[in-house]
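Here's the structure, in structure tokens; my notes come after.
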Amino acid sequence: MPSKRVARVGRGCVACGSCVKVCPVGAIQVWKGVEARVDGNRCVGCARCAGECPAGVIDVKAREELA
Amino acid sequence: MRQKRHWYDYLWIVTPIYLGLGMFNILFAWLGMISFSLPLLISIFGGGKLYCNRFCDRGQFLSLLGSRLKLSRNRPLPRWMKHPAFRYGFLVFFLAMFANMLYVTWLVWAGNRALGTSIKLLWTFRVPWAWAYPVEVPPWVAQFAFGFYSLMLTSTLIGLVVMALYKPRGWCVFCPMGTMTQLISRLRAGRPAEAGCGGSCASCTACTLSRGTEQEGE
């Protein structure tokens with residue numbers, strides 16, 4: 001069952017990959033060195049990526065807000 | 001869940017070793033060219049930001065100090081520091097300083113300038129001790145080493161200050177190498193095919209939520 005919350009990467013991602021390393025379920029990947037992308041189906045909304053992101057561009061929102 | 005550790009997760013050791021070796025013999029500064037050219041080559045040949053994501057010793061070193069040893073306040077970076085103008089401005093400044101270092105090296109090579117055997121922090125302050133280069137080399141080789149070591153020491157120092165005051169990897173936000181490799185990656189990637197919304201894809205998650213597609217990763 002998908003989590004109620006999901007991470008979202010906003011504009012300004014520097015693709016450093018900090019979020020990828022802390023994601024416990026491997027839901028984030030850096031797409032072609034351009035930006036981090038979240039697999040919404042795997043994300044458990046734990047917000048560890050948001051806490052680690054140096055650019056502060058990841059936020060965790062309710063899944064309904066993004067669907 | 002603890003992630004499996006790989007050999008490249010220990011590359012943080014390179015930063016203290018590099019800075020330490022330079023103190024015994026400044027010519028070791030030349031090794032820094034590896035971390036200068038490798039990220040660019042990886043990006044140019046389609047590896048994206050694999051260097052930043054996996055092999056960057058400085059990023060790992062800052063993570064180790066800031067996250068694992070908890071030496072970072074872990075506060076958000078100031079807005080101006082995250083602004084693209086600062087990021088690209090810092091890149092231009094950094095490249096200008098690098099070009100100046102090459103110019104000075106050329107002057108020494110041409111015999112128009114004497115070898116300067118000092119390390120400067122923040123391009124201004126001389127480090128108050130003498131540096132050794134106990135191997136006979138042409139003066140321009142030593143000049144480049146002094147200039148390059150100054151650059152590496154200064155950028156490491158800036159990274160450490162940003163790590164301590166803000167986020168562990170705050171340096172990555174305006175790291176000139178990261179900015180260059182992301183620019184190259186953007187040029188190579190072109191427009192994201194899956195950004196069906198028409199806008200520039202910034203991973204709004206809507207695609208994977210609505211379509212459940214597998215992402216293309218590195």
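Every chain in the structure tokens takes a letter, A first, then B, and so on in the order presented; its residues are numbered from 1, and the ligands are numbered from 1 following the presented order.
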Once you count only C-alpha atoms, what closest atom pair and distance in Å to one decimal does each residue of chain A within 6 Å of chain B have, with rows by chain and rising residue number, as a tab-separated table?
residue	atom	partner	partner_atom	distance
A:Arg8	CA	B:Cys204	CA	5.4
A:Val9	CA	B:Ser203	CA	5.3
A:Gly10	CA	B:Ala202	CA	5.6
A:Arg11	CA	B:Ala202	CA	5.5
A:Cys16	CA	B:Asn53	CA	5.6
A:Gly17	CA	B:Asn53	CA	4.7
A:Pro24	CA	B:Met1	CA	5.8
A:Gln29	CA	B:Gly217	CA	5.7
A:Trp31	CA	B:Gly217	CA	5.2
A:Lys32	CA	B:Gly48	CA	5.0
A:Gly33	CA	B:Gly48	CA	3.9
A:Val34	CA	B:Arg186	CA	5.6
A:Arg37	CA	B:Ser203	CA	5.0
A:Asp39	CA	B:Thr208	CA	5.8
A:Gly40	CA	B:Leu209	CA	5.2
A:Pro54	CA	B:Gly170	CA	4.9
A:Ala55	CA	B:Val173	CA	5.9
A:Leu66	CA	B:Ala206	CA	5.9
A:Ala67	CA	B:Ala206	CA	5.9
Keeping C-alpha atoms, export the residues of the selection given above as a short mmCIF file (atom, residue, chain, number, x, y, z; two decimals), in the first residue's frame.
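What follows is the written file again.cif:
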data_model
loop_
_atom_site.label_atom_id
_atom_site.label_comp_id
_atom_site.auth_asym_id
_atom_site.auth_seq_id
_atom_site.Cartn_x
_atom_site.Cartn_y
_atom_site.Cartn_z
CA ARG A 8 8.98 15.89 -4.73
CA VAL A 9 12.06 17.55 -6.18
CA GLY A 10 11.54 21.17 -7.10
CA ARG A 11 13.51 23.47 -9.36
CA CYS A 16 24.66 16.06 -6.18
CA GLY A 17 23.09 12.74 -5.26
CA PRO A 24 16.05 3.79 2.43
CA GLN A 29 17.80 8.44 -8.96
CA TRP A 31 18.46 11.43 -14.16
CA LYS A 32 21.36 11.74 -16.63
CA GLY A 33 23.23 14.07 -14.30
CA VAL A 34 20.55 16.73 -14.69
CA ARG A 37 13.85 12.19 -9.68
CA ASP A 39 9.79 7.22 -8.14
CA GLY A 40 6.46 8.04 -6.59
CA PRO A 54 21.79 20.91 0.42
CA ALA A 55 19.84 22.93 -2.12
CA LEU A 66 0.38 15.61 -6.49
CA ALA A 67 -1.74 12.97 -8.22
#
With DSSP run on the backbone, what are the strand (DSSP E) residues within segment 12-174 of chain B? I'd like them as a ChimeraX atom specification.
/B:120-121,125-126
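Nearest residue to Met177 of chain B, choosing from A:Cys46, A:Val14, A:Ser3, A:Arg63 and counting only C-alpha atoms: A:Val14.
Distances to Glu52 of chain A were evaluated for A:Ala7, A:Ile28, A:Lys21, A:Ala36 using only C-alpha atoms, and the minimum falls at A:Lys21.
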I need the alpha helix (DSSP H) residues of segment 2-218 of chain B per DSSP on the backbone, written as a VMD selection string.
chain B and resid 14 to 24 32 to 44 50 57 to 63 79 to 82 84 to 110 139 to 165 176 to 189 206 to 211
Could you give me, as a ChimeraX atom specification, the residues within 9 Å of segment 116-127 of chain B, counting only C-alpha atoms and dropping anything in the same chain fewer than 3 positions from it?
/B:97,108,113,130-132,142-143,146-147,149-151,153-155,157-158
Store the residues picked out above, limited to N, CA, C and O atoms, as a CSV table (one decimal), in the first residue's frame.
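selection.csv, written as the output of this step:
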chain,number,residue,atom,x,y,z
B,97,MET,N,40.1,32.6,-11.8
B,97,MET,CA,41.2,32.4,-10.9
B,97,MET,C,42.1,31.3,-11.4
B,97,MET,O,43.3,31.3,-11.4
B,108,VAL,N,56.1,32.2,-15.7
B,108,VAL,CA,57.3,31.5,-15.1
B,108,VAL,C,58.0,30.7,-16.1
B,108,VAL,O,59.2,30.7,-16.2
B,113,ARG,N,58.8,35.9,-15.0
B,113,ARG,CA,58.5,36.0,-13.6
B,113,ARG,C,59.2,35.0,-12.8
B,113,ARG,O,59.4,33.8,-13.3
B,130,ALA,N,56.9,27.9,5.1
B,130,ALA,CA,57.6,27.6,3.8
B,130,ALA,C,57.2,26.2,3.3
B,130,ALA,O,56.9,25.3,4.1
B,131,TRP,N,57.1,26.1,2.0
B,131,TRP,CA,56.7,24.8,1.4
B,131,TRP,C,57.8,24.1,0.7
B,131,TRP,O,58.6,24.8,0.0
B,132,ALA,N,57.9,22.9,0.8
B,132,ALA,CA,59.0,22.1,0.2
B,132,ALA,C,58.6,21.5,-1.1
B,132,ALA,O,57.5,21.1,-1.4
B,142,ALA,N,56.6,23.7,-10.6
B,142,ALA,CA,56.4,24.0,-9.2
B,142,ALA,C,55.4,25.1,-9.1
B,142,ALA,O,54.6,25.1,-8.2
B,143,GLN,N,55.5,26.1,-10.0
B,143,GLN,CA,54.5,27.2,-9.9
B,143,GLN,C,53.1,26.8,-10.0
B,143,GLN,O,52.2,27.2,-9.3
B,146,PHE,N,52.0,25.1,-6.8
B,146,PHE,CA,51.7,26.1,-5.7
B,146,PHE,C,50.3,26.7,-6.0
B,146,PHE,O,49.5,26.9,-5.1
B,147,GLY,N,50.1,27.1,-7.2
B,147,GLY,CA,48.8,27.7,-7.6
B,147,GLY,C,47.6,26.8,-7.4
B,147,GLY,O,46.6,27.1,-6.9
B,149,TYR,N,47.5,24.0,-5.6
B,149,TYR,CA,47.3,23.6,-4.2
B,149,TYR,C,46.5,24.8,-3.5
B,149,TYR,O,45.6,24.5,-2.6
B,150,SER,N,46.9,26.0,-3.8
B,150,SER,CA,46.1,27.1,-3.2
B,150,SER,C,44.6,27.0,-3.5
B,150,SER,O,43.8,27.3,-2.6
B,151,LEU,N,44.4,26.7,-4.8
B,151,LEU,CA,43.0,26.6,-5.2
B,151,LEU,C,42.2,25.5,-4.5
B,151,LEU,O,41.1,25.6,-4.0
B,153,LEU,N,43.1,24.0,-1.6
B,153,LEU,CA,43.0,24.3,-0.1
B,153,LEU,C,41.9,25.3,0.2
B,153,LEU,O,41.1,25.2,1.1
B,154,THR,N,41.8,26.4,-0.7
B,154,THR,CA,40.8,27.4,-0.5
B,154,THR,C,39.4,26.8,-0.7
B,154,THR,O,38.5,27.1,0.1
B,155,SER,N,39.2,26.0,-1.7
B,155,SER,CA,37.9,25.5,-2.0
B,155,SER,C,37.5,24.5,-0.9
B,155,SER,O,36.4,24.4,-0.5
B,157,LEU,N,38.5,24.7,2.2
B,157,LEU,CA,38.2,25.5,3.4
B,157,LEU,C,36.8,26.1,3.3
B,157,LEU,O,36.0,26.1,4.3
B,158,ILE,N,36.4,26.6,2.1
B,158,ILE,CA,35.1,27.1,1.9
B,158,ILE,C,34.0,26.0,2.2
B,158,ILE,O,33.0,26.2,2.8
From the list A:Ala47, A:Asn41, A:Ala15, A:Val30, which residue is nearest Val60 of chain A when using only C-alpha atoms?
A:Ala47
Name the residues in contact with Phe28 of chain B at a cut-off of 10 Å, using only C-alpha atoms, excluding same-chain residues fewer than 5 positions from it; report them as a short mmCIF file (atom, residue, chain, number, x, y, z; two decimals) with C-alpha atoms, in the first residue's frame.
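Wrote around-v5.cif, looks like this:
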data_model
loop_
_atom_site.label_atom_id
_atom_site.label_comp_id
_atom_site.auth_asym_id
_atom_site.auth_seq_id
_atom_site.Cartn_x
_atom_site.Cartn_y
_atom_site.Cartn_z
CA TYR B 18 45.90 14.90 -0.83
CA LEU B 19 46.11 17.94 1.44
CA GLY B 20 48.58 16.14 3.72
CA LEU B 21 50.89 15.04 0.88
CA GLY B 22 50.97 18.61 -0.42
CA MET B 23 52.39 19.74 2.88
CA TYR B 133 59.46 20.70 -3.22
CA ALA B 142 56.42 23.99 -9.19
CA ALA B 145 51.65 23.11 -8.09
CA PHE B 146 51.68 26.10 -5.73
CA TYR B 149 47.28 23.64 -4.18
#
